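Student: data_15.pdb (PDB, C-alpha atoms) pasted underneath:
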```pdb
ATOM      1  CA  MET A   1      74.653  73.746 114.448
ATOM      2  CA  LYS A   2      76.223  73.205 117.869
ATOM      3  CA  SER A   3      79.789  73.402 116.518
ATOM      4  CA  SER A   4      79.072  76.782 114.944
ATOM      5  CA  ARG A   5      77.735  78.124 118.231
ATOM      6  CA  LEU A   6      80.773  76.708 120.029
ATOM      7  CA  ARG A   7      83.130  78.314 117.499
ATOM      8  CA  ARG A   8      81.403  81.678 117.938
ATOM      9  CA  ARG A   9      81.721  81.406 121.706
ATOM     10  CA  LEU A  10      85.407  80.484 121.470
ATOM     11  CA  ALA A  11      86.038  83.303 118.991
ATOM     12  CA  GLY A  12      84.170  85.721 121.269
ATOM     13  CA  ALA A  13      86.138  84.567 124.313
ATOM     14  CA  ALA A  14      89.428  84.942 122.427
ATOM     15  CA  ALA A  15      88.463  88.426 121.261
ATOM     16  CA  ALA A  16      87.472  89.385 124.816
ATOM     17  CA  ALA A  17      90.833  88.133 126.132
ATOM     18  CA  VAL A  18      92.716  90.163 123.520
ATOM     19  CA  LEU A  19      90.703  93.287 124.318
ATOM     20  CA  ALA A  20      91.175  92.768 128.050
ATOM     21  CA  GLY A  21      94.947  92.460 127.560
ATOM     22  CA  THR A  22      94.970  95.595 125.431
ATOM     23  CA  GLY A  23      92.898  97.379 128.058
ATOM     24  CA  VAL A  24      95.438  96.512 130.745
ATOM     25  CA  LEU A  25      98.249  97.957 128.620
ATOM     26  CA  VAL A  26      96.276 101.093 127.859
ATOM     27  CA  ALA A  27      95.238 101.547 131.492
ATOM     28  CA  ALA A  28      98.833 101.233 132.749
ATOM     29  CA  PRO A  29     100.401 104.601 133.531
ATOM     30  CA  ALA A  30     101.838 105.854 130.255
ATOM     31  CA  ALA A  31     104.590 107.696 132.060
ATOM     32  CA  VAL A  32     106.040 104.512 133.524
ATOM     33  CA  ALA A  33     107.425 103.770 130.081
ATOM     34  CA  LYS A  34     108.973 107.231 129.826
ATOM     35  CA  ALA A  35     110.365 107.766 133.312
ATOM     36  CA  ASN A  36     113.896 109.114 133.703
ATOM     37  CA  LEU A  37     113.856 110.907 130.363
ATOM     38  CA  MET A  38     114.886 114.436 129.458
ATOM     39  CA  THR A  39     114.962 116.799 126.508
ATOM     40  CA  ILE A  40     116.936 119.997 126.057
ATOM     41  CA  ASP A  41     114.371 122.558 124.935
ATOM     42  CA  LYS A  42     116.393 125.776 124.795
ATOM     43  CA  VAL A  43     119.893 127.073 125.448
ATOM     44  CA  SER A  44     120.302 130.801 126.029
ATOM     45  CA  LEU A  45     122.852 133.341 127.146
ATOM     46  CA  HIS A  46     122.322 134.263 130.815
ATOM     47  CA  GLU A  47     125.103 136.585 131.920
ATOM     48  CA  PRO A  48     127.684 135.683 132.986
ATOM     49  CA  GLY A  49     126.959 132.103 131.842
ATOM     50  CA  LEU A  50     124.146 130.169 130.210
ATOM     51  CA  GLN A  51     120.671 128.936 130.990
ATOM     52  CA  VAL A  52     119.223 125.630 129.767
ATOM     53  CA  LYS A  53     115.515 124.817 129.699
ATOM     54  CA  VAL A  54     115.028 121.062 130.196
ATOM     55  CA  THR A  55     111.854 118.971 130.093
ATOM     56  CA  TYR A  56     112.321 115.942 132.321
ATOM     57  CA  SER A  57     110.470 113.034 133.892
ATOM     58  CA  CYS A  58     111.745 110.730 136.612
ATOM     59  CA  ASP A  59     110.726 107.786 138.782
ATOM     60  CA  THR A  60     109.348 108.464 142.223
ATOM     61  CA  GLY A  61     111.918 108.080 144.955
ATOM     62  CA  ILE A  62     115.026 108.495 142.801
ATOM     63  CA  ASN A  63     118.112 109.845 144.474
ATOM     64  CA  HIS A  64     119.518 111.783 141.518
ATOM     65  CA  GLN A  65     120.265 115.364 140.639
ATOM     66  CA  LEU A  66     119.978 116.883 137.173
ATOM     67  CA  VAL A  67     123.323 118.154 135.897
ATOM     68  CA  ALA A  68     124.030 120.354 132.876
ATOM     69  CA  GLY A  69     127.362 121.226 131.337
ATOM     70  CA  ALA A  70     128.391 123.310 128.336
ATOM     71  CA  ILE A  71     131.498 123.830 126.263
ATOM     72  CA  LYS A  72     132.066 126.470 123.607
ATOM     73  CA  LEU A  73     132.862 124.918 120.237
ATOM     74  CA  ASN A  74     135.331 126.255 117.646
ATOM     75  CA  GLN A  75     137.513 127.900 120.281
ATOM     76  CA  THR A  76     140.898 129.405 119.603
ATOM     77  CA  GLY A  77     143.587 129.509 122.228
ATOM     78  CA  SER A  78     144.448 127.114 125.009
ATOM     79  CA  ASP A  79     141.641 127.803 127.497
ATOM     80  CA  GLU A  80     138.301 126.116 126.973
ATOM     81  CA  ALA A  81     135.153 128.061 127.814
ATOM     82  CA  THR A  82     133.005 125.785 129.986
ATOM     83  CA  ALA A  83     130.047 126.149 132.327
ATOM     84  CA  ALA A  84     128.084 123.853 134.636
ATOM     85  CA  GLY A  85     124.992 123.826 136.802
ATOM     86  CA  THR A  86     122.747 121.456 138.753
ATOM     87  CA  VAL A  87     119.201 121.025 139.969
ATOM     88  CA  LYS A  88     119.394 119.276 143.340
ATOM     89  CA  LYS A  89     117.256 116.191 143.976
ATOM     90  CA  ASN A  90     114.964 118.018 146.407
ATOM     91  CA  LYS A  91     114.082 120.506 143.634
ATOM     92  CA  LEU A  92     113.094 117.797 141.107
ATOM     93  CA  VAL A  93     109.462 116.666 140.900
ATOM     94  CA  CYS A  94     109.587 112.924 140.250
ATOM     95  CA  ASP A  95     106.125 111.544 139.595
ATOM     96  CA  TYR A  96     106.489 109.963 136.125
ATOM     97  CA  THR A  97     105.076 113.067 134.369
ATOM     98  CA  ASN A  98     106.870 115.773 132.396
ATOM     99  CA  HIS A  99     108.164 118.850 134.203
ATOM    100  CA  THR A 100     110.337 121.793 133.157
ATOM    101  CA  ALA A 101     113.492 123.004 134.858
ATOM    102  CA  LEU A 102     115.687 126.019 134.150
ATOM    103  CA  VAL A 103     119.305 125.181 134.893
ATOM    104  CA  THR A 104     121.622 128.141 135.336
ATOM    105  CA  LEU A 105     125.153 127.276 134.243
ATOM    106  CA  ARG A 106     127.969 129.239 135.818
ATOM    107  CA  PRO A 107     131.123 129.642 133.756
ATOM    108  CA  ALA A 108     134.471 128.303 134.909
ATOM    109  CA  VAL A 109     137.179 130.810 135.820
ATOM    110  CA  ALA A 110     138.359 132.697 132.701
ATOM    111  CA  SER A 111     135.471 131.286 130.621
ATOM    112  CA  HIS A 112     133.322 133.665 128.617
ATOM    113  CA  PHE A 113     130.255 133.180 126.429
ATOM    114  CA  ALA A 114     128.815 135.737 123.992
ATOM    115  CA  LYS A 115     125.971 136.074 121.533
ATOM    116  CA  GLY A 116     126.720 134.082 118.390
ATOM    117  CA  ASP A 117     128.895 131.476 120.136
ATOM    118  CA  THR A 118     128.228 127.821 119.297
ATOM    119  CA  VAL A 119     127.969 125.646 122.401
ATOM    120  CA  LYS A 120     127.491 121.954 123.047
ATOM    121  CA  VAL A 121     125.281 121.302 126.078
ATOM    122  CA  SER A 122     124.948 117.965 127.898
ATOM    123  CA  VAL A 123     122.330 117.155 130.542
ATOM    124  CA  PHE A 124     122.054 113.991 132.616
ATOM    125  CA  TYR A 125     120.992 112.539 135.938
ATOM    126  CA  LEU A 126     123.785 111.898 138.449
ATOM    127  CA  ASP A 127     123.309 109.606 141.457
ATOM    128  CA  ASN A 128     125.135 109.683 144.807
ATOM    129  CA  ASP A 129     127.668 107.102 143.602
ATOM    130  CA  GLY A 130     128.630 109.170 140.543
ATOM    131  CA  PHE A 131     126.747 107.105 137.950
ATOM    132  CA  ILE A 132     125.261 108.977 134.988
ATOM    133  CA  TYR A 133     121.796 108.203 133.634
ATOM    134  CA  THR A 134     119.822 109.483 130.640
ATOM    135  CA  ARG A 135     122.413 111.675 128.926
ATOM    136  CA  GLU A 136     121.200 114.117 126.257
ATOM    137  CA  GLU A 137     123.271 116.541 124.153
ATOM    138  CA  LYS A 138     122.453 119.484 121.938
ATOM    139  CA  VAL A 139     124.506 121.962 119.908
ATOM    140  CA  SER A 140     123.095 125.501 119.879
ATOM    141  CA  VAL A 141     124.050 128.973 118.741
ATOM    142  CA  LEU A 142     123.589 131.589 121.440
TER     143      LEU A 142
END
```
What do you get writing this file as structure tokens?
Tutor:
Amino acid sequence: MKSSRLRRRLAGAAAAAVLAGTGVLVAAPAAVAKANLMTIDKVSLHEPGLQVKVTYSCDTGINHQLVAGAIKLNQTGSDEATAAGTVKKNKLVCDYTNHTALVTLRPAVASHFAKGDTVKVSVFYLDNDGFIYTREEKVSVL
């Protein structure tokens, strides 16, 4: 009789420990696991260049800027049509949660984008030393 009671107590204690451990994981900020992520939501024509809607999350205190670049695919001729834009670090909200940014990409000299063009867009974080973090790419038709 005593061994059965002891087994139940041990089983109960083990179950409580497992639940407590699970509770700690569940209570931890979910965004910590997803910090410094980004997704390209939409690419659109924004005369004279492009505009990219990005959903991002980042760690507090990072010293990065969000950079976007685009290149027109299936080009003919020798000049590539390219565009680039940034969101400076003081414009990013870094608190582990998701935020949206519109990045306006300005075309390089002699570059032109039009409705129907296929473009490849890359977005990433860039730190002060030139290191790239969390690179995402998407091919879209304007």
Student: Which of these, A:Asn36, A:Thr100, A:Ser122, A:Thr55, has the shortest distance to Val67 of chain A once you count only C-alpha atoms?
Tutor: A:Ser122
Student: Expressed in Å to a single decimal, how great is the separation between atom CA of Leu73 of chain A and atom CA of Val43 of chain A?
Tutor: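 Taking atom CA of Leu73 of chain A and atom CA of Val43 of chain A, their separation equals 14.1 Å.
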Student: With distances taken over all atoms listed in the file, which residue among A:Ala108, A:Ala83, A:Leu92, A:Val139 lies nearest Asp59 of chain A?
Tutor: A:Leu92
Student: Applied to this file, what does the PyMOL selection byres ((chain A and resi 44) around 10) return in terms of residues, put as a list in words?
Tutor: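 Selected by the PyMOL selection byres ((chain A and resi 44) around 10) in this file: Lys42, Val43, Leu45, His46, Glu47, Gly49, Leu50, Gln51, Val52, Lys53, Thr104, Lys115, Val119, Ser140, Val141 and Leu142 of chain A.
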Student: By how many Å are atom CA of Thr60 of chain A and atom CA of Val123 of chain A apart?
Tutor: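 It comes out at 19.5 Å.
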Student: For the atom pair atom CA of Ser111 of chain A and atom CA of Gly85 of chain A, what is the interatomic distance in Å to one decimal place?
Tutor: 14.3 Å
Student: Exactly which residues make up the result of the PyMOL selection byres ((chain A and resi 61) around 10) on this file, given as a PDB file with C-alpha atoms, in the frame of the given file?
Tutor:
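out-v4.pdb, freshly written:
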```pdb
ATOM      1  CA  CYS A  58     111.745 110.730 136.612  1.00  0.00           C
ATOM      2  CA  ASP A  59     110.726 107.786 138.782  1.00  0.00           C
ATOM      3  CA  THR A  60     109.348 108.464 142.223  1.00  0.00           C
ATOM      4  CA  ILE A  62     115.026 108.495 142.801  1.00  0.00           C
ATOM      5  CA  ASN A  63     118.112 109.845 144.474  1.00  0.00           C
ATOM      6  CA  HIS A  64     119.518 111.783 141.518  1.00  0.00           C
ATOM      7  CA  LYS A  89     117.256 116.191 143.976  1.00  0.00           C
ATOM      8  CA  VAL A  93     109.462 116.666 140.900  1.00  0.00           C
ATOM      9  CA  CYS A  94     109.587 112.924 140.250  1.00  0.00           C
ATOM     10  CA  ASP A  95     106.125 111.544 139.595  1.00  0.00           C
TER      11      ASP A  95
END
```
Student: Could you give me segment 32-54 of chain A completed to N, CA, C and O atoms, formatted as an mmCIF file, in the frame of the given file?
Tutor:
```
data_model
loop_
_atom_site.group_PDB
_atom_site.id
_atom_site.type_symbol
_atom_site.label_atom_id
_atom_site.label_comp_id
_atom_site.auth_asym_id
_atom_site.auth_seq_id
_atom_site.Cartn_x
_atom_site.Cartn_y
_atom_site.Cartn_z
ATOM 1 N N VAL A 32 105.118 105.529 133.033
ATOM 2 C CA VAL A 32 106.040 104.512 133.524
ATOM 3 C C VAL A 32 107.029 104.147 132.428
ATOM 4 O O VAL A 32 108.199 103.944 132.670
ATOM 5 N N ALA A 33 106.556 104.122 131.195
ATOM 6 C CA ALA A 33 107.425 103.770 130.081
ATOM 7 C C ALA A 33 108.378 104.903 129.726
ATOM 8 O O ALA A 33 109.330 104.694 129.027
ATOM 9 N N LYS A 34 108.117 106.111 130.199
ATOM 10 C CA LYS A 34 108.973 107.231 129.826
ATOM 11 C C LYS A 34 109.692 107.858 131.007
ATOM 12 O O LYS A 34 110.185 108.959 130.921
ATOM 13 N N ALA A 35 109.711 107.201 132.133
ATOM 14 C CA ALA A 35 110.365 107.766 133.312
ATOM 15 C C ALA A 35 111.865 107.895 133.083
ATOM 16 O O ALA A 35 112.458 107.161 132.304
ATOM 17 N N ASN A 36 112.468 108.835 133.786
ATOM 18 C CA ASN A 36 113.896 109.114 133.703
ATOM 19 C C ASN A 36 114.330 109.530 132.300
ATOM 20 O O ASN A 36 115.373 109.115 131.819
ATOM 21 N N LEU A 37 113.520 110.359 131.670
ATOM 22 C CA LEU A 37 113.856 110.907 130.363
ATOM 23 C C LEU A 37 114.080 112.404 130.485
ATOM 24 O O LEU A 37 113.657 113.028 131.451
ATOM 25 N N MET A 38 114.727 112.989 129.490
ATOM 26 C CA MET A 38 114.886 114.436 129.458
ATOM 27 C C MET A 38 115.130 114.900 128.038
ATOM 28 O O MET A 38 115.611 114.141 127.198
ATOM 29 N N THR A 39 114.766 116.160 127.796
ATOM 30 C CA THR A 39 114.962 116.799 126.508
ATOM 31 C C THR A 39 115.464 118.212 126.748
ATOM 32 O O THR A 39 114.943 118.917 127.615
ATOM 33 N N ILE A 40 116.447 118.623 125.976
ATOM 34 C CA ILE A 40 116.936 119.997 126.057
ATOM 35 C C ILE A 40 116.057 120.827 125.134
ATOM 36 O O ILE A 40 116.062 120.633 123.923
ATOM 37 N N ASP A 41 115.288 121.745 125.725
ATOM 38 C CA ASP A 41 114.371 122.558 124.935
ATOM 39 C C ASP A 41 115.035 123.810 124.382
ATOM 40 O O ASP A 41 114.826 124.168 123.231
ATOM 41 N N LYS A 42 115.827 124.493 125.209
ATOM 42 C CA LYS A 42 116.393 125.776 124.795
ATOM 43 C C LYS A 42 117.683 126.055 125.546
ATOM 44 O O LYS A 42 117.787 125.768 126.738
ATOM 45 N N VAL A 43 118.632 126.631 124.849
ATOM 46 C CA VAL A 43 119.893 127.073 125.448
ATOM 47 C C VAL A 43 120.000 128.565 125.180
ATOM 48 O O VAL A 43 119.855 129.006 124.037
ATOM 49 N N SER A 44 120.236 129.352 126.222
ATOM 50 C CA SER A 44 120.302 130.801 126.029
ATOM 51 C C SER A 44 121.418 131.405 126.866
ATOM 52 O O SER A 44 121.859 130.838 127.865
ATOM 53 N N LEU A 45 121.852 132.575 126.424
ATOM 54 C CA LEU A 45 122.852 133.341 127.146
ATOM 55 C C LEU A 45 122.191 133.914 128.387
ATOM 56 O O LEU A 45 121.081 134.441 128.335
ATOM 57 N N HIS A 46 122.831 133.762 129.532
ATOM 58 C CA HIS A 46 122.322 134.263 130.815
ATOM 59 C C HIS A 46 123.529 134.756 131.581
ATOM 60 O O HIS A 46 124.189 133.993 132.274
ATOM 61 N N GLU A 47 123.864 136.031 131.383
ATOM 62 C CA GLU A 47 125.103 136.585 131.920
ATOM 63 C C GLU A 47 125.308 136.242 133.387
ATOM 64 O O GLU A 47 124.369 136.324 134.159
ATOM 65 N N PRO A 48 126.468 135.794 133.775
ATOM 66 C CA PRO A 48 127.684 135.683 132.986
ATOM 67 C C PRO A 48 127.824 134.337 132.276
ATOM 68 O O PRO A 48 128.794 134.101 131.588
ATOM 69 N N GLY A 49 126.850 133.436 132.441
ATOM 70 C CA GLY A 49 126.959 132.103 131.842
ATOM 71 C C GLY A 49 125.821 131.801 130.897
ATOM 72 O O GLY A 49 125.496 132.598 130.020
ATOM 73 N N LEU A 50 125.211 130.646 131.089
ATOM 74 C CA LEU A 50 124.146 130.169 130.210
ATOM 75 C C LEU A 50 122.957 129.706 131.037
ATOM 76 O O LEU A 50 123.073 129.478 132.239
ATOM 77 N N GLN A 51 121.842 129.536 130.358
ATOM 78 C CA GLN A 51 120.671 128.936 130.990
ATOM 79 C C GLN A 51 120.100 127.908 130.029
ATOM 80 O O GLN A 51 119.995 128.158 128.830
ATOM 81 N N VAL A 52 119.745 126.729 130.571
ATOM 82 C CA VAL A 52 119.223 125.630 129.767
ATOM 83 C C VAL A 52 117.835 125.277 130.281
ATOM 84 O O VAL A 52 117.647 125.046 131.478
ATOM 85 N N LYS A 53 116.872 125.252 129.356
ATOM 86 C CA LYS A 53 115.515 124.817 129.699
ATOM 87 C C LYS A 53 115.418 123.338 129.346
ATOM 88 O O LYS A 53 115.652 122.944 128.206
ATOM 89 N N VAL A 54 115.067 122.520 130.351
ATOM 90 C CA VAL A 54 115.028 121.062 130.196
ATOM 91 C C VAL A 54 113.634 120.554 130.569
ATOM 92 O O VAL A 54 113.089 120.951 131.597
#
```
